[in-house]
Every structure is written in structure tokens, then in C-alpha cells.
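One structure is given below, encoded as C-alpha cells.
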Amino acid sequence: MKLHRLVRPLLAAALALGAHAAHSQTIGYIYVGPEKDYGYNTSHDLGRQYVEKTVSGTKTLHVENIPETAEVSRVMERMIKSGASIVFATSYGYLDYAIELGKKYPKVAFMHAGGLKTGDNVGTYWANSDDAIYLAGMAAGSVTKSGKLGFIAAFPIPQVVRSINAFTLGAQAMNPKVTTTVVWTGGWLEPAKEAEATNSLVDAGIDVIGEQVDSPITIAQTAEKRGIFVVGKDVDVSKFAPKSVLTGASWNWGPTMVKVVNEIKAGTWKPSHIRGDLKDGTVVLDPFGPAVTEPVRKTILAKKADILADKFEVWSGPMTAQDGKELLPAGKAMPMDMLESMGFFVKGVIGTIK
Amino acid sequence: MTTFDIVLGSFLVSALRSATPLVFVLVGETLVQRTGSINLGVEGQMLVGAMAGYGAAALWGDPWLGLVAGAVAGMLLSSVHGLLTLAARANQFASGLAVWMLGFGLSAYYGAGLVGRKIEGFGTWRGAGPDSVPVLGPIVAGMTPTVLLALVVAPAVAWWFWRTRTGLVWRAVGESPEAARAAGLRPIRVRLQAILLGGLLSGLGGAALSVDHTRTWAEGMTAGRGLVAVGLVIVARWNPWWVLPTALLFGGAEALALRLQTADAGVSAHLLLTLPYITSLAVLTLTCLRDRGQAAPAGLRAVMDR
């Protein structure tokens with residue numbers, strides 16, 4: 001896995017060098033995985049295509065499968081030398097390299113996905129999926145017959161733990177007795193384990209599965225085969241599992257990217273942490289599948305309206321931890337640091353974090 | 001039928017499912033190493049097999065054609081390793097790595113258009129008659145043709161290897177190519193045959209993964225399984241009879257790691273996910289203590305020591 005990650009970027013960069021900057025603005029995109037993974041990287045590539053289509057006179061370069069090592073500096077540098085004046089570094093581990101290169105190339109603008117640091121010419125963008133996952137969890141909680149949900153996830157990091165909790169809380173809003181059994185696969189892209197984890201969950205009587213791995217596609221297709229339901233994330237994969245997909249929480253990076261690009265063009269851009277969510281449309285609740293009934297859709301959309309109108313907050317009390325201890329008293333909102341470093345499960349989640 | 005039957009049966013079937021791609025790859029690589037060479041390119045061959053198999057199944061709508069296409073693709077790629085090491089006398093490790101990279105790149109390039117394509121997979125017998133038989137019922141019901149194929153291929157190859165004259169020739173080449181040559185055999189030709197057969201089987205293993213087990217094509221989807229197979233050859237003591245138990249041990253541990261999580265065992269998932277490697281290492285250590293590393297074919301030891 002290591003060597004190919006060295007060879008392919010070289011080829012890709014050679015191609016990038018060949019494509020000279022005839023347009024007024026060239027934007028580079030770097031992905032940590034395959035652009036066609038129907039997951040995280042595809043969501044960013046859809047954003048890239050949106051930018052190319054929407055902002056006239058723009059040309060984009062993109063390189064996939066770049067590991068979070070010094071290799072990313074080399075790729076960014078080659079992009080800059082082939083004329084890129086904006087670079088979207090779309091993986092978490094790219095941040096330090098972007099900040100370092102930002103100092104070397106002060107005229108180039110860098111945009112990093114999810115980072116917590118900025119530089120003179122390095123900004124970040126991210127979006128909070130929790131609200132959409134809560135709503136998707138409501139669909140899961142209303143469809144389950146066994147009252148047992150599953151969640152297949154890569155690594156126990158705060159962003160994933162938040163999704164599992166939001167999914168469970170949403171489901172419990174529809175059916176308070178619902179439990180969520182968590183299975184970790186130990187990798188973002190492990191199709192064999194994802195398929196087997198889905199089978200294991202089905203064998204244990206679970207009939208709706210949520211997920212947060214690189215792409216929902218394997219889990220959705222296995223669920224379709226086994227006749228159970230799934231809730232997706234990152235990209236809507238309902239066309240590959242039309243019966244099974246209930247809904248999902250997808251990214252919509254395009255408008256955010258276009259806004260930044262236009263600001264940079266106009267010279268008004270100031271590096272900052274741009275954070276989107278369901279409200280501004282960076283996160284989208286996917287269309288409902290046929291298994292979600294009309295009354296349930298209405299309930300979920302009503303809750304969505306409450307979220308958009310700031311009448312409902314997912315991360316507010318009363319909230320109880322997995323072991324029954326109180327996390328938040330009624331009416332209290334969760335403090336920011338507790339939210340950002342979430343290392344606990346709520347009541348009803350079955351599984352371990354450590 | 002009791003819950004225990006169902007739990008045991010469904011665990012066994014998931015162990016079999018997880019082990020199946022590995023069985024094919026492991027049989028192939030065992031034969032390659034038994035004839036005195038080593039092919040690190042199996043990971044790439046699996047990927048090419050997985051991609052070509054998925055593509056063929058998507059194109060022609062028949063999973064059987066997918067398996068055939070995967071096997072052929074794996075064999076074609078392994079011929080590169082065969083030519084490099086046997087005709088051009090290239091270093092086996094370098095050639096194996098080159099084939100691995102080539103397989104990764106080719107499968108990623110040609111597979112890009114296949115991501116998200118739907119294919120018709122094999123059905124199972126779930127819900128049909130055998131479901132009601134204790135323990136065995138759920139096992140049979142959850143099986144697919146590739147699982148059965150793996151259960152047949154491994155013992156058949158083992159029998160052929162130990163009980164037939166050509167099997168003897170292959171073993172002789174692996175033990176001492178010089179003696180084999182003196183006896184009028186052609187070691188190069190045998191090694192090439194083994195490499196091609198190994199390629200065919202690893203391609204088939206890859207296709208079993210994409211066409212049957214996951215019904216997905218994703219770039220790099222084998223996630224190191226090919227390399228694991230190269231190592232598991234040692235655990236199987238270079239003996240085709242041991243391929244099935246070894247693959248089941250690894251596949252079973254992987255399935256168990258996932259199942260224990262669904263059963264709320266309360267054990268750290270980080271530890272559970274190392275289970276396949278810990279069990280393999282434990283078995284390896286035990287068997288090595290017993291035979292002091294003498295299980296490898298002599299000709300292969302020459303490759304390693306050279």
C-alpha cells in the first residue's frame with residue numbers, strides 16, 4: 001500500500017504539469033482516497049465539479065490517493081508550479097503541510113477540510129452532520145421492527161462517536177427502547193469486513209444499520225441483499241440499494257467552495273474557519289426511501305424545521321450516558337469542548353470506545 | 001432449532017465466507033512456494049481479479065463469467081512475474097512488488113468506471129429447505145457457490161499434489177531444482193506453471209471477494225489480504241492440506257472479531273481486530289518450535305538465503 005502511493009502521485013503530477021494554465025484561475029484539489037469512492041472523496045470531487053461549472057474561467061486540477069505524508073507537500077508544490085492559485089487540501093492530516101507551504105507561497109490560497117488552525121493564507125472549511133444524522137436516525141427508529149439498530153464505523157474518533165450518538169438519539173425520539181450495536185472495522189475502506197459486519201448484525205437480529213466508513217456502498221448493497229435497511233452518509237447511494245436506503249446525511253461542498261473562490265478572486269477573502277451545517281445547506285438530508293411512511297416523513301420534516309428555526313438542539317439535555325449516569329440535565333446545552341472531544345456513548349448504544 | 005444452533009451455524013458460515021477468497025489465494029501461493037519461488041504480486045493479482053471479475057459480472061450479468069474473468073486476469077498478470085523472474089532472471093521480490101503495483105494501478109484505472117455498478121450476485125439457499133436442520137441448516141443456507149468451490153478446490157489440489165506423479169514432479173522441483181534437472185525434469189517450466197496457476201487462483205480469490213462476498217468493487221479493496229496469504233503459507237507449513245484450516249483460522253478470527261462486537265462482549269475493539277493476526281502468530285510460533293523451520297521446501301530456502 002505504501003509504494004503505489006508514491007508512484008501514482010508522480011504520474012498524476014506529471015499529467016498536472018502537462019495541463020498548463022490557460023485559464024485565468026487554476027484550482028488544485030487533493031484527495032486522500034479514490035475520487036470515485038462514492039463516499040468522502042467523491043463528495044469533495046462533486047464540489048470540485050460544481051466549482052468548475054459555476055465559476056467561469058476556472059480550471060481545476062485534482063490528484064487522488066495522496067497519503068497524509070510529506071508527499072502531499074510535493075503534490076501541492078507541483079500544482080502551484082503548474083499555475084494553481086488556490087489549493088483545496090481535503091484530508092485532515094494535510095493541515096500542517098498546507099500551513100508550511102502557505103508560508104513558502106504567500107500568494108497562493110489554501111483551504112483545508114476540518115482543520116483547527118489557520119494561517120495568513122490558509123483557511124479551513126467543514127460542516128456539522130449531526131443534525132442530519134439525528135433526522136436519519138429518526139427514520140431508522142421508526143422503521144425497525146426488532147428495536148435493534150446497528151452502526152458500522154471505522155475508528156472511535158470524536159466525529160464518528162458523535163454520529164453514533166446522534167443516530168441513536170434520533171432513533172430513540174421515535175422509539176425510546178431502541179438500542180444501537182456498534183461494530184468497528186478498523187479501517188476507512190474495508191469492504192470485506194464491512195460486508196461481514198453487516199451480515200453479523202443481521203444475524204444478531206438487527207434490521208437497520210447506520211454507518212461511517214469511507215463509503216456506504218458495500219454496506220448498502222449487502223443490506224439490500226439481506227433485506228434490511230440502511231442510513232447513508234457522505235454521498236446518497238440510494239440508486240445502488242433502492243429498497244434498503246431510508247435516507248442519509250450527505251455533504252454538499254459546492255456552494256461553500258464557490259463562495260470562497262469568488263471571495264479570493266475579488267480579493268475580499270480572509271482566512272477563517274468556515275463551518276456549515278444543515279441550516280446553510282452544506283449538509284443535506286437525502287430523499288426518503290420507500291420504507292419510510294408518509295406520517296414518519298412528516299414527523300422528521302417537522303423536526304428538521306424545528307432545527308432550522310433553532311427550536312430544537314440535538315446536543316441538549318436531558319441526556320444519559322451508556323452506563324446510566326447523567327450527562328446533561330434537562331434544558332442544558334452541551335458545552336463546546338464536550339461536543340468536540342466526545343468520548344462517550346449515550347444510553348442505548350451497545351459497544352466500546354476504547 | 002435452538003438459538004445456539006443458529007449462533008454457531010451463522011458464525012461458521014461467516015467464518016467460511018471470510019476465509020473463502022483467502023483459500024484460493026493461499027492454495028495458489030502455496031504451490032508457487034512449493035516449487036521454489038515466491039510471488040509477492042498476489043495482492044495485485046487479487047485486485048486485478050476482483051476488478052475484472054466485477055466488470056465481467058456487470059457487463060454480462062452472470063457471476064460465473066465474473067469468476068472466470070477474474071481468474072484469467074489474475075493469470076495474465078502473474079505471467080508478468082513469470083517472465084520477469086524465469087526468463088529475465090529478475091529478483092523475485094522486486095518483480096513481485098512490481099506486479100503488485102502494476103495490479104493496483106491497472107485495477108484502479110480500469111475499475112474507476114465500475115464503482116457503484118450493480119451486479120447480479122449468486123443467491124443463497126436462505127429461506128429454502130435446509131434452513132430447518134440444526135447447526136448444519138444455517139451453514140448450508142448461508143453458503144454461496146464460491147464457498148463450496150473453495151471447500152472442493154483446497155482438498156483436490158492437496159490430493160493432486162501429494163498423490164499424483166505431476167504433484168511429485170512439482171515437489172521435486174521445489175526441493176532441489178538441480179536434482180530435478182538431472183532427472184530430466186524442467187524446473188523452469190514447472191515454476192512457470194505454478195506461478196500461472198497461482199495467478200489464476202489469486203484472481204479467482206479476488207473475484208470471489210468482489211463478485212460474491214461483497215458485491216462491490218472499490219479501489220484497493222483487498223486491503224492487504226494478498227500479502228496476508230503470502231505469510232499464511234508459512235502458517236500452513238507449505239502443505240496444501242493445511243490451507244483450509246489455516247484460512248479458516250484467519251477468516252474465523254476475523255469473523256469472530258466482528259461477531260463479538262455485535263454480541264456486546266465488552267472487549268476493546270482495538271484488541272478484537274488484532275485477533276486474526278494474534279491467532280496466526282500463535283499457531284506459527286507453536287509449529288515453528290516443533291519443526292525448527294524445516295517445513296519450507298529446500299529450494300525455497302535457497303531463494304530466501306541467497
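Going by the C-alpha cells order, chains are called A, B, ..., each with residues numbered from 1, while ligands are numbered from 1 in the order shown.
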Could you list, as a PyMOL selection string, every residue of chain A that has an atom within 8 Å of an atom of chain B, counting only C-alpha atoms?
chain A and resi 1+3-4+8+34+36-38+181-186+189-193+195-197+199-201+203-204+217-218+221-222+240+350-354
Write out as a VMD selection string each polymer residue whose atoms come within 8 Å of B:Ala50, counting only C-alpha atoms; drop sequence neighbours fewer than 4 positions from it.
chain B and resid 46 54 70 203 to 211 217
Would you write out those residues with N, CA and C atoms, as a tab-separated table (two decimals), in the first residue's frame?
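The resulting file, result-v7.tsv, is shown below:
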```
chain	number	residue	atom	x	y	z
B	46	MET	N	-4.88	-10.34	-7.05
B	46	MET	CA	-6.22	-10.37	-6.45
B	46	MET	C	-7.02	-9.16	-6.89
B	54	TYR	N	-15.58	-8.31	-11.39
B	54	TYR	CA	-16.73	-7.44	-11.17
B	54	TYR	C	-17.20	-6.85	-12.50
B	70	GLY	N	-12.12	-13.09	-13.67
B	70	GLY	CA	-11.18	-12.75	-12.59
B	70	GLY	C	-9.99	-13.69	-12.59
B	203	GLY	N	-6.49	-14.57	-8.76
B	203	GLY	CA	-7.51	-13.81	-9.48
B	203	GLY	C	-8.91	-14.29	-9.12
B	204	LEU	N	-9.04	-15.60	-9.01
B	204	LEU	CA	-10.33	-16.19	-8.61
B	204	LEU	C	-10.70	-15.75	-7.19
B	205	GLY	N	-9.71	-15.74	-6.31
B	205	GLY	CA	-9.95	-15.28	-4.93
B	205	GLY	C	-10.43	-13.84	-4.92
B	206	GLY	N	-9.78	-13.00	-5.72
B	206	GLY	CA	-10.20	-11.60	-5.81
B	206	GLY	C	-11.62	-11.48	-6.33
B	207	ALA	N	-11.93	-12.28	-7.36
B	207	ALA	CA	-13.28	-12.23	-7.93
B	207	ALA	C	-14.31	-12.73	-6.92
B	208	ALA	N	-13.94	-13.75	-6.12
B	208	ALA	CA	-14.86	-14.24	-5.09
B	208	ALA	C	-15.18	-13.12	-4.11
B	209	LEU	N	-14.16	-12.29	-3.82
B	209	LEU	CA	-14.34	-11.17	-2.89
B	209	LEU	C	-15.29	-10.13	-3.46
B	210	SER	N	-15.08	-9.76	-4.75
B	210	SER	CA	-15.87	-8.66	-5.31
B	210	SER	C	-17.23	-9.13	-5.82
B	211	VAL	N	-17.25	-10.27	-6.51
B	211	VAL	CA	-18.49	-10.71	-7.17
B	211	VAL	C	-19.45	-11.34	-6.16
B	217	TRP	N	-17.11	-3.26	-6.08
B	217	TRP	CA	-15.74	-3.02	-6.49
B	217	TRP	C	-15.32	-1.69	-5.87
```
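Closest to B:Pro276 among B:Trp241, B:Phe250, B:Trp64, B:Phe93 is B:Phe250, based on only C-alpha atoms.
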Run DSSP on the backbone and grab whatever in stretch 121-221 of chain B lands in alpha helix (DSSP H); send it over as a ChimeraX atom specification.
/B:136-142,145-163,165-175,177-182,187-207
Keeping only C-alpha atoms, write those residues as a short mmCIF file (atom, residue, chain, number, x, y, z; two decimals), in the first residue's frame.
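Wrote it out as result-v6.cif, contents follow:
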```cif
data_model
loop_
_atom_site.label_atom_id
_atom_site.label_comp_id
_atom_site.auth_asym_id
_atom_site.auth_seq_id
_atom_site.Cartn_x
_atom_site.Cartn_y
_atom_site.Cartn_z
CA LEU B 136 -25.88 -27.52 9.53
CA GLY B 137 -29.06 -25.81 8.33
CA PRO B 138 -27.94 -22.21 8.70
CA ILE B 139 -24.49 -23.14 7.37
CA VAL B 140 -25.81 -24.59 4.16
CA ALA B 141 -28.42 -21.85 3.87
CA GLY B 142 -25.84 -19.07 4.09
CA PRO B 145 -21.11 -21.27 -4.76
CA THR B 146 -17.66 -19.76 -4.15
CA VAL B 147 -17.62 -21.13 -0.60
CA LEU B 148 -18.42 -24.61 -1.90
CA LEU B 149 -15.82 -24.19 -4.65
CA ALA B 150 -13.18 -23.30 -2.06
CA LEU B 151 -14.14 -26.33 0.01
CA VAL B 152 -13.60 -28.52 -3.04
CA VAL B 153 -10.53 -26.85 -4.57
CA ALA B 154 -8.28 -26.95 -1.49
CA PRO B 155 -8.52 -30.72 -0.80
CA ALA B 156 -8.49 -31.54 -4.52
CA VAL B 157 -5.22 -29.65 -5.01
CA ALA B 158 -3.76 -31.24 -1.87
CA TRP B 159 -4.64 -34.70 -3.14
CA TRP B 160 -3.19 -33.94 -6.55
CA PHE B 161 -0.04 -32.51 -5.01
CA TRP B 162 0.72 -35.47 -2.73
CA ARG B 163 -0.79 -38.39 -4.65
CA ARG B 165 3.04 -38.08 -10.41
CA THR B 166 2.88 -34.45 -11.56
CA GLY B 167 2.49 -33.47 -7.92
CA LEU B 168 5.67 -35.36 -7.20
CA VAL B 169 7.44 -33.53 -10.03
CA TRP B 170 6.37 -30.16 -8.58
CA ARG B 171 7.60 -31.18 -5.14
CA ALA B 172 10.90 -32.41 -6.54
CA VAL B 173 11.47 -29.09 -8.32
CA GLY B 174 10.84 -27.24 -5.10
CA GLU B 175 13.19 -29.38 -3.05
CA PRO B 177 15.90 -27.89 -8.95
CA GLU B 178 19.39 -29.27 -9.73
CA ALA B 179 18.41 -32.84 -8.90
CA ALA B 180 15.14 -32.40 -10.78
CA ARG B 181 17.02 -31.14 -13.83
CA ALA B 182 19.41 -34.09 -13.60
CA PRO B 187 12.26 -26.81 -13.27
CA ILE B 188 11.69 -23.54 -15.13
CA ARG B 189 8.63 -24.85 -16.88
CA VAL B 190 7.20 -26.25 -13.63
CA ARG B 191 7.80 -22.97 -11.81
CA LEU B 192 6.11 -21.06 -14.61
CA GLN B 193 3.12 -23.40 -14.42
CA ALA B 194 2.94 -22.91 -10.67
CA ILE B 195 3.14 -19.12 -11.00
CA LEU B 196 0.39 -19.11 -13.64
CA LEU B 197 -1.80 -21.42 -11.57
CA GLY B 198 -1.12 -19.24 -8.55
CA GLY B 199 -2.16 -16.21 -10.62
CA LEU B 200 -5.33 -17.94 -11.73
CA LEU B 201 -6.26 -18.87 -8.17
CA SER B 202 -5.46 -15.44 -6.71
CA GLY B 203 -7.51 -13.81 -9.48
CA LEU B 204 -10.33 -16.19 -8.61
CA GLY B 205 -9.95 -15.28 -4.93
CA GLY B 206 -10.20 -11.60 -5.81
CA ALA B 207 -13.28 -12.23 -7.93
#
```
Would you mind reading off the distance between atom CA of B:Gly44 and atom CA of B:Gly61, one decimal, in Å?
24.6 Å
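Between atom CA of A:Ala241 and atom CA of A:Gly289 lies a distance of 9.6 Å.
The closest residue to A:Asp234, picked from A:Asp280, A:Glu52, A:Asp207, A:Asp45 and counting only C-alpha atoms, is A:Asp45.
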Can you list, as a PyMOL selection string, every protein, DNA or RNA residue that comes within 12 Å of A:Gly254 when you count only C-alpha atoms, leaving out same-chain residues fewer than 2 positions away?
chain A and resi 42-55+125+251-252+256-261+276+281-283
To one decimal place in Å, what is the distance between atom CA of B:Pro240 and atom CA of B:Gly74?
20.0 Å
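Distances from A:Val108, A:Met76, A:Ala173, A:Ala70 to A:Pro271 were compared using only C-alpha atoms, and the smallest one belongs to A:Val108.
Residues in contact range of stretch 330-339 of chain A, defined as at most 7 Å between only C-alpha atoms, with sequence neighbours fewer than 3 positions away removed, read A:Trp315, A:Ser316, A:Gly317, A:Pro318, A:Met342.
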Could the residues in this selection be written to a file with C-alpha atoms, as a short mmCIF file (atom, residue, chain, number, x, y, z; two decimals), in the first residue's frame?
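part30.cif, freshly written:
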```cif
data_model
loop_
_atom_site.label_atom_id
_atom_site.label_comp_id
_atom_site.auth_asym_id
_atom_site.auth_seq_id
_atom_site.Cartn_x
_atom_site.Cartn_y
_atom_site.Cartn_z
CA TRP A 315 -26.93 18.20 21.87
CA SER A 316 -29.05 19.31 24.78
CA GLY A 317 -30.26 17.67 27.99
CA PRO A 318 -31.70 15.57 29.37
CA MET A 342 -16.81 13.40 22.52
#
```
